[in-house]
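Enquirer: Next comes final13.txt, compact mmCIF, C-alpha atoms:
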```txt
# COMPACT_ATOMS: atom_id res chain seq x y z
CA MET A 1 4.97 -13.20 -13.18
CA ALA A 2 1.57 -12.25 -11.88
CA ASN A 3 -1.06 -14.59 -10.51
CA TRP A 4 -4.23 -12.68 -11.35
CA GLN A 5 -6.30 -15.37 -9.63
CA LEU A 6 -5.36 -13.65 -6.37
CA ILE A 7 -8.11 -11.16 -7.25
CA GLU A 8 -10.68 -13.93 -6.97
CA GLU A 9 -8.91 -15.33 -3.93
CA VAL A 10 -9.51 -12.04 -2.11
CA ARG A 11 -13.17 -12.10 -3.07
CA THR A 12 -13.61 -15.72 -2.07
CA ARG A 13 -11.75 -15.63 1.23
CA ASN A 14 -12.93 -12.17 2.33
CA PRO A 15 -9.76 -11.38 4.34
CA LEU A 16 -10.19 -9.43 7.55
CA VAL A 17 -7.91 -6.37 7.31
CA HIS A 18 -7.36 -4.40 10.49
CA THR A 19 -6.29 -0.87 9.62
CA ILE A 20 -4.99 1.84 11.92
CA THR A 21 -5.12 4.73 9.51
CA ASN A 22 -5.50 8.49 9.44
CA ILE A 23 -8.71 10.45 9.82
CA VAL A 24 -8.43 11.91 6.32
CA VAL A 25 -8.73 8.58 4.50
CA ALA A 26 -10.52 6.16 6.85
CA ASN A 27 -13.84 6.17 4.99
CA ASP A 28 -12.38 5.64 1.51
CA SER A 29 -10.00 2.99 2.83
CA ALA A 30 -12.86 1.02 4.37
CA ASN A 31 -15.04 1.36 1.27
CA GLY A 32 -12.15 0.39 -1.01
CA LEU A 33 -11.53 -2.78 1.00
CA LEU A 34 -15.21 -3.64 0.85
CA ALA A 35 -15.20 -3.03 -2.92
CA ILE A 36 -12.50 -5.63 -3.58
CA GLY A 37 -14.15 -8.20 -1.33
CA ALA A 38 -12.17 -7.73 1.88
CA SER A 39 -13.56 -6.97 5.33
CA PRO A 40 -12.19 -3.87 7.10
CA ILE A 41 -11.81 -3.15 10.79
CA MET A 42 -10.76 0.42 11.65
CA ALA A 43 -10.31 0.15 15.41
CA ALA A 44 -7.71 2.18 17.31
CA ALA A 45 -8.16 1.54 21.06
CA VAL A 46 -5.03 0.00 22.54
CA GLU A 47 -7.19 -2.28 24.69
CA GLU A 48 -8.34 -4.15 21.57
CA MET A 49 -5.05 -4.46 19.76
CA ALA A 50 -3.76 -7.77 21.13
CA GLU A 51 -7.01 -9.50 20.21
CA LEU A 52 -7.38 -7.89 16.80
CA GLY A 53 -3.77 -8.48 15.85
CA GLY A 54 -4.28 -12.20 16.22
CA MET A 55 -7.76 -12.21 14.68
CA ALA A 56 -7.09 -10.27 11.46
CA ASP A 57 -5.70 -11.83 8.29
CA ALA A 58 -3.52 -8.74 7.84
CA VAL A 59 -2.77 -5.48 9.64
CA VAL A 60 -2.11 -2.12 7.97
CA ILE A 61 -0.42 0.66 9.95
CA ASN A 62 -0.66 4.18 8.52
CA ILE A 63 1.00 7.10 10.38
CA GLY A 64 -0.88 9.90 8.60
CA THR A 65 -2.41 11.56 11.67
CA LEU A 66 -0.23 10.43 14.54
CA ASN A 67 -0.63 10.89 18.26
CA ALA A 68 0.90 9.14 21.25
CA ASP A 69 -2.13 6.92 21.83
CA LEU A 70 -2.06 5.70 18.24
CA VAL A 71 1.63 4.89 18.47
CA ALA A 72 0.92 2.66 21.46
CA SER A 73 -1.87 0.94 19.54
CA MET A 74 0.34 0.47 16.46
CA LEU A 75 3.07 -1.16 18.49
CA ALA A 76 0.60 -3.41 20.30
CA VAL A 77 -1.23 -4.61 17.19
CA GLY A 78 1.96 -5.07 15.18
CA LYS A 79 3.54 -7.22 17.85
CA ALA A 80 0.34 -9.25 18.25
CA ALA A 81 0.17 -9.84 14.51
CA ASN A 82 3.83 -10.88 14.43
CA ALA A 83 3.22 -13.34 17.24
CA ALA A 84 0.25 -14.81 15.37
CA GLY A 85 2.16 -15.03 12.09
CA LYS A 86 -0.04 -12.46 10.35
CA PRO A 87 1.42 -9.98 7.80
CA VAL A 88 1.78 -6.31 8.73
CA VAL A 89 1.95 -3.47 6.18
CA LEU A 90 3.50 -0.08 6.98
CA ASP A 91 2.52 3.16 5.25
CA PRO A 92 4.99 5.81 6.53
CA VAL A 93 2.91 8.83 5.48
CA GLY A 94 4.88 12.06 5.57
CA ILE A 95 7.74 10.51 7.55
CA GLY A 96 10.12 13.27 6.54
CA ALA A 97 7.86 16.09 7.72
CA THR A 98 8.61 16.01 11.47
CA VAL A 99 10.93 14.51 14.05
CA PHE A 100 7.95 12.80 15.72
CA ARG A 101 7.10 10.93 12.52
CA ARG A 102 10.68 9.88 11.88
CA GLU A 103 11.18 8.66 15.44
CA THR A 104 7.87 6.81 15.39
CA VAL A 105 8.72 4.96 12.18
CA GLN A 106 12.17 4.10 13.52
CA ARG A 107 10.55 2.58 16.59
CA LEU A 108 7.96 0.70 14.57
CA LEU A 109 10.66 -0.72 12.32
CA ALA A 110 12.75 -1.74 15.32
CA GLU A 111 9.94 -3.51 17.16
CA ILE A 112 7.71 -4.92 14.39
CA GLN A 113 8.58 -7.15 11.44
CA PHE A 114 6.75 -5.74 8.42
CA ALA A 115 5.75 -7.90 5.48
CA VAL A 116 5.46 -4.81 3.26
CA ILE A 117 6.45 -1.15 3.39
CA ARG A 118 4.56 0.99 0.87
CA GLY A 119 5.00 4.69 0.31
CA ASN A 120 6.05 7.35 -2.17
CA LEU A 121 9.65 7.84 -3.17
CA GLY A 122 10.29 10.62 -0.66
CA GLU A 123 9.00 8.48 2.22
CA LEU A 124 11.10 5.47 1.29
CA ALA A 125 14.13 7.69 0.71
CA SER A 126 13.75 8.94 4.28
CA ILE A 127 13.73 5.38 5.61
CA ALA A 128 16.76 4.57 3.47
CA GLY A 129 18.63 7.62 4.78
CA VAL A 130 18.84 9.21 1.33
CA ASP A 131 18.83 13.01 1.10
CA TRP A 132 15.43 14.14 -0.12
CA GLN A 133 13.45 17.37 -0.07
CA ALA A 134 9.82 16.77 0.91
CA ARG A 135 7.00 18.94 2.20
CA GLY A 136 4.17 17.44 4.20
CA VAL A 137 2.98 14.15 2.73
CA ASP A 138 4.03 14.92 -0.85
CA ALA A 139 6.70 12.83 -2.55
CA GLY A 140 8.97 15.88 -2.75
CA SER A 141 12.00 16.16 -5.00
CA GLY A 142 15.23 14.26 -5.42
CA ASP A 143 16.92 11.93 -7.86
CA GLY A 144 14.08 9.73 -9.13
CA SER A 145 16.56 7.41 -10.83
CA GLN A 146 17.44 6.15 -7.35
CA ALA A 147 14.04 4.47 -6.87
CA ALA A 148 15.29 0.95 -7.63
CA GLU A 149 18.32 1.34 -5.36
CA ILE A 150 16.20 2.76 -2.54
CA ALA A 151 13.68 -0.07 -2.86
CA LEU A 152 16.44 -2.68 -2.81
CA LYS A 153 18.17 -1.10 0.18
CA VAL A 154 15.08 -0.79 2.36
CA ALA A 155 13.91 -4.29 1.43
CA ARG A 156 17.30 -5.73 2.38
CA ASP A 157 17.73 -3.69 5.54
CA TYR A 158 14.31 -4.59 6.93
CA LYS A 159 13.79 -8.01 5.29
CA THR A 160 10.55 -6.90 3.72
CA ILE A 161 8.83 -6.19 0.41
CA VAL A 162 9.03 -2.54 -0.61
CA ALA A 163 6.53 -0.85 -2.90
CA ILE A 164 7.30 2.69 -4.06
CA SER A 165 4.27 4.32 -5.67
CA GLY A 166 4.64 6.93 -8.39
CA ALA A 167 4.31 7.47 -12.12
CA VAL A 168 6.04 4.10 -12.29
CA ASP A 169 5.59 1.81 -9.29
CA VAL A 170 8.80 0.13 -8.13
CA ILE A 171 8.60 -3.09 -6.10
CA SER A 172 11.44 -5.10 -4.59
CA ASP A 173 12.12 -7.99 -2.25
CA GLY A 174 15.78 -6.97 -1.87
CA LYS A 175 16.90 -9.33 -4.64
CA GLN A 176 14.95 -8.16 -7.66
CA VAL A 177 13.11 -5.10 -8.90
CA ILE A 178 9.74 -5.13 -10.66
CA THR A 179 8.08 -2.07 -12.17
CA VAL A 180 4.42 -1.40 -12.96
CA GLU A 181 3.79 1.35 -15.51
CA ASN A 182 0.00 1.56 -15.51
CA GLY A 183 -2.07 4.22 -13.77
CA ASP A 184 -3.83 7.50 -14.50
CA GLN A 185 -2.56 10.97 -13.63
CA LEU A 186 -5.70 11.65 -11.57
CA LEU A 187 -4.58 9.20 -8.87
CA PRO A 188 -2.37 11.72 -7.03
CA GLN A 189 -5.14 14.32 -7.35
CA ILE A 190 -7.31 12.58 -4.75
CA THR A 191 -6.37 12.43 -1.08
CA GLY A 192 -5.55 8.97 0.17
CA SER A 193 -5.10 7.09 -3.10
CA GLY A 194 -1.78 5.76 -1.81
CA CYS A 195 -3.27 4.98 1.60
CA LEU A 196 -6.00 2.94 -0.04
CA LEU A 197 -3.39 1.06 -2.07
CA SER A 198 -1.67 0.09 1.18
CA CYS A 199 -4.98 -1.34 2.40
CA VAL A 200 -5.49 -3.23 -0.87
CA ILE A 201 -1.99 -4.67 -0.51
CA GLY A 202 -2.93 -5.71 3.02
CA ALA A 203 -5.89 -7.68 1.67
CA PHE A 204 -3.72 -9.45 -0.90
CA VAL A 205 -0.92 -10.43 1.50
CA GLY A 206 -3.67 -11.69 3.77
CA VAL A 207 -4.55 -14.49 1.34
CA THR A 208 -1.12 -15.78 0.25
CA ASP A 209 2.35 -16.48 1.60
CA ASP A 210 3.99 -15.09 -1.55
CA TYR A 211 4.13 -11.46 -0.50
CA LEU A 212 6.12 -10.27 -3.52
CA GLU A 213 3.56 -11.64 -5.94
CA ALA A 214 0.74 -10.28 -3.79
CA VAL A 215 2.20 -6.77 -3.89
CA VAL A 216 2.77 -6.88 -7.65
CA VAL A 217 -0.77 -8.08 -8.38
CA ALA A 218 -2.38 -5.69 -5.90
CA SER A 219 -0.42 -2.70 -7.24
CA ALA A 220 -1.03 -3.53 -10.90
CA SER A 221 -4.72 -4.24 -10.38
CA TYR A 222 -5.16 -0.99 -8.48
CA VAL A 223 -3.58 1.26 -11.09
CA ILE A 224 -5.38 -0.58 -13.89
CA ALA A 225 -8.65 0.11 -12.06
CA SER A 226 -7.74 3.82 -12.21
CA GLU A 227 -7.50 3.58 -15.99
CA TYR A 228 -10.91 1.96 -16.24
CA ALA A 229 -12.33 4.56 -13.86
CA VAL A 230 -11.25 7.39 -16.15
CA LYS A 231 -12.96 5.73 -19.11
CA THR A 232 -16.31 6.13 -17.32
CA LEU A 233 -15.95 9.88 -16.69
CA LYS A 234 -17.73 12.56 -18.68
CA ARG A 235 -15.11 15.04 -17.44
CA ARG A 236 -11.67 14.36 -15.96
CA LEU A 237 -12.33 15.76 -12.48
CA PRO A 238 -10.98 14.41 -9.18
CA GLY A 239 -14.30 14.21 -7.34
CA SER A 240 -15.93 12.09 -10.01
CA PHE A 241 -12.76 10.02 -10.35
CA ARG A 242 -12.76 9.23 -6.62
CA VAL A 243 -16.20 7.65 -6.85
CA ALA A 244 -15.42 5.91 -10.14
CA LEU A 245 -12.26 4.37 -8.69
CA ILE A 246 -14.19 2.66 -5.89
CA ASP A 247 -16.69 1.39 -8.46
CA GLU A 248 -13.92 -0.03 -10.63
CA LEU A 249 -12.31 -1.76 -7.67
CA ALA A 250 -15.65 -3.50 -7.20
CA SER A 251 -15.65 -4.45 -10.90
CA TRP A 252 -12.24 -6.11 -11.16
CA GLN A 253 -12.06 -8.92 -13.67
CA THR A 254 -9.10 -11.16 -14.29
CA HIS A 255 -9.12 -10.71 -18.08
CA ASN A 256 -8.97 -6.92 -17.64
CA GLN A 257 -5.69 -7.22 -15.78
CA GLU A 258 -4.15 -9.48 -18.41
CA LYS A 259 -5.05 -7.03 -21.16
CA PHE A 260 -3.80 -3.83 -19.59
CA ALA A 261 -1.03 -4.72 -17.14
CA CYS A 262 2.39 -3.33 -18.02
CA ILE A 263 4.64 -5.19 -15.61
CA LYS A 264 8.29 -5.03 -16.58
CA GLY A 265 10.52 -8.06 -16.32
CA VAL A 266 12.23 -8.95 -13.10
CA VAL A 267 15.58 -7.20 -12.76
CA PRO A 268 18.00 -9.40 -10.77
CA ARG A 269 20.41 -7.65 -8.44
```
Represent the supplied structure as structure tokens.

Expert:
Amino acid sequence: MANWQLIEEVRTRNPLVHTITNIVVANDSANGLLAIGASPIMAAAVEEMAELGGMADAVVINIGTLNADLVASMLAVGKAANAAGKPVVLDPVGIGATVFRRETVQRLLAEIQFAVIRGNLGELASIAGVDWQARGVDAGSGDGSQAAEIALKVARDYKTIVAISGAVDVISDGKQVITVENGDQLLPQITGSGCLLSCVIGAFVGVTDDYLEAVVVASASYVIASEYAVKTLKRRLPGSFRVALIDELASWQTHNQEKFACIKGVVPR
């Protein structure tokens, strides 16, 4: 079910991942990509987007700190990547918080074909049109049992792979549902852990045409790294964990994934 050799493929091929992200997480996102063997570009000027969209192996669009100029750049780079046949990942951070965010994501989805959409359950529920109570960028509250249905719906509606991050990660291509049950409880205690996962997914889809497998391996490897990170801590504190997580991403080994991964069987729909 999982091709762990993709970990080495990322290291060997050093995929160029162009990320338009938010100011809160840019540094950790860049360092996380470097740790796994990818090469980050964090440009935002609209004048560069057509060139970078064709040059990068993958593009990641994160709406965390939106403004009108960034929206123009997102649209330009996404369309350029589509034209060049390069995968684009969407992270709809806090989509439910404001009208501007919702309208921006609707436009992005209408004008760009995304290879992957990754977010928390509240964010994906908003895209699916499911009633959900969220505040800011938090996952919010709703019926968590709907995660599989929401993942399937969004994947089918937008012909994409959906990854819903949470205590259990839910991944779907619109036909099947896969869950990953690894991960430490400190992950949501550091800002941008989900944003970094979106970047990691970008690196993995940048080295293979099998986007579903890429998302499963990237997600499982990432949360397994969080478990290893905690093992190195003298005290379970978020600041120390943040540093340890980057170190563990740089220390990925294939046999570690095989030992710890808890990927549930494919659920056909």

Enquirer: Which is closer to Gln189 of chain A than all the others in A:Phe241, A:Tyr228, A:Ala148, A:Val77, using all atoms listed in the file?

Expert: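 For Gln189 of chain A, the nearest of the given residues is A:Phe241.
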
Enquirer: As a VMD selection string, please: the residues near Gly166 of chain A (cut-off 12 Å, all atoms listed in the file, same-chain neighbours under 3 positions excluded).

Expert: chain A and resid 118 to 124 138 to 140 144 147 163 169 to 171 179 to 188 193 to 194 197 219 223

Enquirer: From the set A:Ala155, A:Tyr222, A:Ile263, A:Val60, which residue has the shortest atom-to-atom contact distance to Leu249 of chain A, counting only C-alpha atoms?

Expert: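 Nearest candidate to Leu249 of chain A out of A:Ala155, A:Tyr222, A:Ile263, A:Val60: A:Tyr222.
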
Enquirer: Check the smallest atom-to-atom distance from each of A:Asp91, A:Asp57, A:Glu8, A:Glu149 to Ser251 of chain A using only C-alpha atoms, then report the winner.

Expert: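 Closest to Ser251 of chain A of all the choices is A:Glu8.
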
Enquirer: Would you compute the distance between atom CA of Val93 of chain A and atom CA of Gly64 of chain A? Give it in Å to one decimal.

Expert: 5.0 Å

Enquirer: Between atom CA of Leu212 of chain A and atom CA of Lys86 of chain A, what distance in Å does the model show, to one decimal?

Expert: 15.3 Å

Enquirer: For Cys195 of chain A, which residue out of A:Glu9, A:Asp69, A:Asp28, A:Glu48 is the nearest one, using all atoms listed in the file?

Expert: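 Selected residue with least distance to Cys195 of chain A: A:Asp28.
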
Enquirer: As lines of an AutoDock Vina configuration file, please: the centre and edge lengths in Å, to one decimal, of an axis-aligned box enclosing every listed atom of segment 107-110 of chain A with 6 Å added on each side.

Expert:
```
center_x = 10.4
center_y = 0.4
center_z = 14.5
size_x = 16.8
size_y = 16.3
size_z = 16.3
```

Enquirer: Hey, can you check how far atom CA of Ala218 of chain A sits from atom CA of Ile7 of chain A?

Expert: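 Here the two named atoms are 8.0 Å from each other.
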
Enquirer: Quick one: residues within 7 Å of Gly78 of chain A, all atoms listed in the file counted, chain neighbours fewer than 2 positions away excluded, as a ChimeraX atom specification?

Expert: /A:53,74-76,80-82,88,112

Enquirer: May I ask which of the residues A:Ile150, A:Val215, A:Ile63, A:Leu233 is the closest one to Ala203 of chain A, counting all atoms listed in the file?

Expert: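 Closest residue, counting all atoms listed in the file: A:Val215.
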
Enquirer: Got a sec: who's within 12 Å of Asn67 of chain A, counting all atoms listed in the file, leaving out chain neighbours fewer than 2 positions off, as a PDB file with C-alpha atoms, keeping the file's coordinate frame?

Expert:
```
ATOM      1  CA  ILE A  20      -4.990   1.840  11.920  1.00  0.00           C
ATOM      2  CA  THR A  21      -5.120   4.730   9.510  1.00  0.00           C
ATOM      3  CA  ASN A  22      -5.500   8.490   9.440  1.00  0.00           C
ATOM      4  CA  ILE A  23      -8.710  10.450   9.820  1.00  0.00           C
ATOM      5  CA  ALA A  44      -7.710   2.180  17.310  1.00  0.00           C
ATOM      6  CA  ASN A  62      -0.660   4.180   8.520  1.00  0.00           C
ATOM      7  CA  ILE A  63       1.000   7.100  10.380  1.00  0.00           C
ATOM      8  CA  GLY A  64      -0.880   9.900   8.600  1.00  0.00           C
ATOM      9  CA  THR A  65      -2.410  11.560  11.670  1.00  0.00           C
ATOM     10  CA  ASP A  69      -2.130   6.920  21.830  1.00  0.00           C
ATOM     11  CA  LEU A  70      -2.060   5.700  18.240  1.00  0.00           C
ATOM     12  CA  VAL A  71       1.630   4.890  18.470  1.00  0.00           C
ATOM     13  CA  ALA A  72       0.920   2.660  21.460  1.00  0.00           C
ATOM     14  CA  SER A  73      -1.870   0.940  19.540  1.00  0.00           C
ATOM     15  CA  MET A  74       0.340   0.470  16.460  1.00  0.00           C
ATOM     16  CA  PHE A 100       7.950  12.800  15.720  1.00  0.00           C
ATOM     17  CA  ARG A 101       7.100  10.930  12.520  1.00  0.00           C
ATOM     18  CA  THR A 104       7.870   6.810  15.390  1.00  0.00           C
TER      19      THR A 104
END
```

Enquirer: Would you mind telling me which residue in A:Ser226, A:Ser172, A:Ser221, A:Gln146 lies nearest to Ala2 of chain A when using all atoms listed in the file?

Expert: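 Closest candidate: A:Ser221.
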
Enquirer: Hey, could you patch up segment 16-50 of chain A with N, CA and C atoms and hand it over as a PDB file, keeping the file's coordinate frame?

Expert:
```
ATOM      1  N   LEU A  16      -9.938 -10.451   6.545  1.00  0.00           N
ATOM      2  CA  LEU A  16     -10.190  -9.430   7.550  1.00  0.00           C
ATOM      3  C   LEU A  16      -8.936  -8.560   7.664  1.00  0.00           C
ATOM      4  N   VAL A  17      -9.054  -7.287   7.314  1.00  0.00           N
ATOM      5  CA  VAL A  17      -7.910  -6.370   7.310  1.00  0.00           C
ATOM      6  C   VAL A  17      -8.113  -5.326   8.397  1.00  0.00           C
ATOM      7  N   HIS A  18      -7.282  -5.398   9.425  1.00  0.00           N
ATOM      8  CA  HIS A  18      -7.360  -4.400  10.490  1.00  0.00           C
ATOM      9  C   HIS A  18      -6.453  -3.237  10.136  1.00  0.00           C
ATOM     10  N   THR A  19      -7.026  -2.044  10.073  1.00  0.00           N
ATOM     11  CA  THR A  19      -6.290  -0.870   9.620  1.00  0.00           C
ATOM     12  C   THR A  19      -6.301   0.226  10.686  1.00  0.00           C
ATOM     13  N   ILE A  20      -5.116   0.605  11.147  1.00  0.00           N
ATOM     14  CA  ILE A  20      -4.990   1.840  11.920  1.00  0.00           C
ATOM     15  C   ILE A  20      -4.538   2.895  10.924  1.00  0.00           C
ATOM     16  N   THR A  21      -5.431   3.782  10.571  1.00  0.00           N
ATOM     17  CA  THR A  21      -5.120   4.730   9.510  1.00  0.00           C
ATOM     18  C   THR A  21      -5.399   6.145   9.983  1.00  0.00           C
ATOM     19  N   ASN A  22      -5.324   7.092   9.057  1.00  0.00           N
ATOM     20  CA  ASN A  22      -5.500   8.490   9.440  1.00  0.00           C
ATOM     21  C   ASN A  22      -6.925   8.946   9.176  1.00  0.00           C
ATOM     22  N   ILE A  23      -7.320   9.996   9.866  1.00  0.00           N
ATOM     23  CA  ILE A  23      -8.710  10.450   9.820  1.00  0.00           C
ATOM     24  C   ILE A  23      -9.100  10.981   8.446  1.00  0.00           C
ATOM     25  N   VAL A  24      -8.129  11.353   7.636  1.00  0.00           N
ATOM     26  CA  VAL A  24      -8.430  11.910   6.320  1.00  0.00           C
ATOM     27  C   VAL A  24      -8.957  10.827   5.374  1.00  0.00           C
ATOM     28  N   VAL A  25      -8.471   9.604   5.518  1.00  0.00           N
ATOM     29  CA  VAL A  25      -8.730   8.580   4.500  1.00  0.00           C
ATOM     30  C   VAL A  25      -9.508   7.368   5.014  1.00  0.00           C
ATOM     31  N   ALA A  26      -9.916   7.369   6.264  1.00  0.00           N
ATOM     32  CA  ALA A  26     -10.520   6.160   6.850  1.00  0.00           C
ATOM     33  C   ALA A  26     -11.732   5.677   6.059  1.00  0.00           C
ATOM     34  N   ASN A  27     -12.612   6.571   5.675  1.00  0.00           N
ATOM     35  CA  ASN A  27     -13.840   6.170   4.990  1.00  0.00           C
ATOM     36  C   ASN A  27     -13.540   5.533   3.631  1.00  0.00           C
ATOM     37  N   ASP A  28     -12.702   6.191   2.827  1.00  0.00           N
ATOM     38  CA  ASP A  28     -12.380   5.640   1.510  1.00  0.00           C
ATOM     39  C   ASP A  28     -11.612   4.327   1.638  1.00  0.00           C
ATOM     40  N   SER A  29     -10.748   4.225   2.638  1.00  0.00           N
ATOM     41  CA  SER A  29     -10.000   2.990   2.830  1.00  0.00           C
ATOM     42  C   SER A  29     -10.931   1.827   3.148  1.00  0.00           C
ATOM     43  N   ALA A  30     -11.898   2.063   4.025  1.00  0.00           N
ATOM     44  CA  ALA A  30     -12.860   1.020   4.370  1.00  0.00           C
ATOM     45  C   ALA A  30     -13.717   0.647   3.165  1.00  0.00           C
ATOM     46  N   ASN A  31     -14.198   1.643   2.432  1.00  0.00           N
ATOM     47  CA  ASN A  31     -15.040   1.360   1.270  1.00  0.00           C
ATOM     48  C   ASN A  31     -14.252   0.677   0.159  1.00  0.00           C
ATOM     49  N   GLY A  32     -12.982   1.050  -0.002  1.00  0.00           N
ATOM     50  CA  GLY A  32     -12.150   0.390  -1.010  1.00  0.00           C
ATOM     51  C   GLY A  32     -11.931  -1.075  -0.684  1.00  0.00           C
ATOM     52  N   LEU A  33     -11.692  -1.379   0.593  1.00  0.00           N
ATOM     53  CA  LEU A  33     -11.530  -2.780   1.000  1.00  0.00           C
ATOM     54  C   LEU A  33     -12.814  -3.561   0.760  1.00  0.00           C
ATOM     55  N   LEU A  34     -13.940  -2.972   1.106  1.00  0.00           N
ATOM     56  CA  LEU A  34     -15.210  -3.640   0.850  1.00  0.00           C
ATOM     57  C   LEU A  34     -15.408  -3.881  -0.650  1.00  0.00           C
ATOM     58  N   ALA A  35     -14.999  -2.923  -1.469  1.00  0.00           N
ATOM     59  CA  ALA A  35     -15.200  -3.030  -2.920  1.00  0.00           C
ATOM     60  C   ALA A  35     -14.459  -4.223  -3.502  1.00  0.00           C
ATOM     61  N   ILE A  36     -13.261  -4.516  -3.006  1.00  0.00           N
ATOM     62  CA  ILE A  36     -12.500  -5.630  -3.580  1.00  0.00           C
ATOM     63  C   ILE A  36     -12.851  -6.969  -2.953  1.00  0.00           C
ATOM     64  N   GLY A  37     -13.724  -6.950  -1.942  1.00  0.00           N
ATOM     65  CA  GLY A  37     -14.150  -8.200  -1.330  1.00  0.00           C
ATOM     66  C   GLY A  37     -13.531  -8.499   0.014  1.00  0.00           C
ATOM     67  N   ALA A  38     -12.768  -7.551   0.558  1.00  0.00           N
ATOM     68  CA  ALA A  38     -12.170  -7.730   1.880  1.00  0.00           C
ATOM     69  C   ALA A  38     -13.100  -7.186   2.951  1.00  0.00           C
ATOM     70  N   SER A  39     -12.746  -7.430   4.204  1.00  0.00           N
ATOM     71  CA  SER A  39     -13.560  -6.970   5.330  1.00  0.00           C
ATOM     72  C   SER A  39     -12.714  -6.087   6.230  1.00  0.00           C
ATOM     73  N   PRO A  40     -13.020  -4.783   6.319  1.00  0.00           N
ATOM     74  CA  PRO A  40     -12.190  -3.870   7.100  1.00  0.00           C
ATOM     75  C   PRO A  40     -12.605  -3.760   8.560  1.00  0.00           C
ATOM     76  N   ILE A  41     -11.600  -3.587   9.416  1.00  0.00           N
ATOM     77  CA  ILE A  41     -11.810  -3.150  10.790  1.00  0.00           C
ATOM     78  C   ILE A  41     -10.942  -1.918  10.975  1.00  0.00           C
ATOM     79  N   MET A  42     -11.495  -0.840  11.527  1.00  0.00           N
ATOM     80  CA  MET A  42     -10.760   0.420  11.650  1.00  0.00           C
ATOM     81  C   MET A  42     -10.603   0.824  13.114  1.00  0.00           C
ATOM     82  N   ALA A  43     -10.401  -0.131  13.980  1.00  0.00           N
ATOM     83  CA  ALA A  43     -10.310   0.150  15.410  1.00  0.00           C
ATOM     84  C   ALA A  43      -8.975   0.797  15.760  1.00  0.00           C
ATOM     85  N   ALA A  44      -8.942   1.497  16.902  1.00  0.00           N
ATOM     86  CA  ALA A  44      -7.710   2.180  17.310  1.00  0.00           C
ATOM     87  C   ALA A  44      -7.419   2.062  18.803  1.00  0.00           C
ATOM     88  N   ALA A  45      -8.370   1.605  19.606  1.00  0.00           N
ATOM     89  CA  ALA A  45      -8.160   1.540  21.060  1.00  0.00           C
ATOM     90  C   ALA A  45      -7.105   0.499  21.409  1.00  0.00           C
ATOM     91  N   VAL A  46      -6.137   0.896  22.206  1.00  0.00           N
ATOM     92  CA  VAL A  46      -5.030   0.000  22.540  1.00  0.00           C
ATOM     93  C   VAL A  46      -5.539  -1.255  23.261  1.00  0.00           C
ATOM     94  N   GLU A  47      -6.658  -1.135  23.956  1.00  0.00           N
ATOM     95  CA  GLU A  47      -7.190  -2.280  24.690  1.00  0.00           C
ATOM     96  C   GLU A  47      -7.633  -3.427  23.784  1.00  0.00           C
ATOM     97  N   GLU A  48      -7.886  -3.129  22.514  1.00  0.00           N
ATOM     98  CA  GLU A  48      -8.340  -4.150  21.570  1.00  0.00           C
ATOM     99  C   GLU A  48      -7.234  -4.743  20.716  1.00  0.00           C
ATOM    100  N   MET A  49      -6.061  -4.155  20.754  1.00  0.00           N
ATOM    101  CA  MET A  49      -5.050  -4.460  19.760  1.00  0.00           C
ATOM    102  C   MET A  49      -4.515  -5.890  19.833  1.00  0.00           C
ATOM    103  N   ALA A  50      -4.302  -6.410  21.021  1.00  0.00           N
ATOM    104  CA  ALA A  50      -3.760  -7.770  21.130  1.00  0.00           C
ATOM    105  C   ALA A  50      -4.719  -8.772  20.508  1.00  0.00           C
TER     106      ALA A  50
END
```
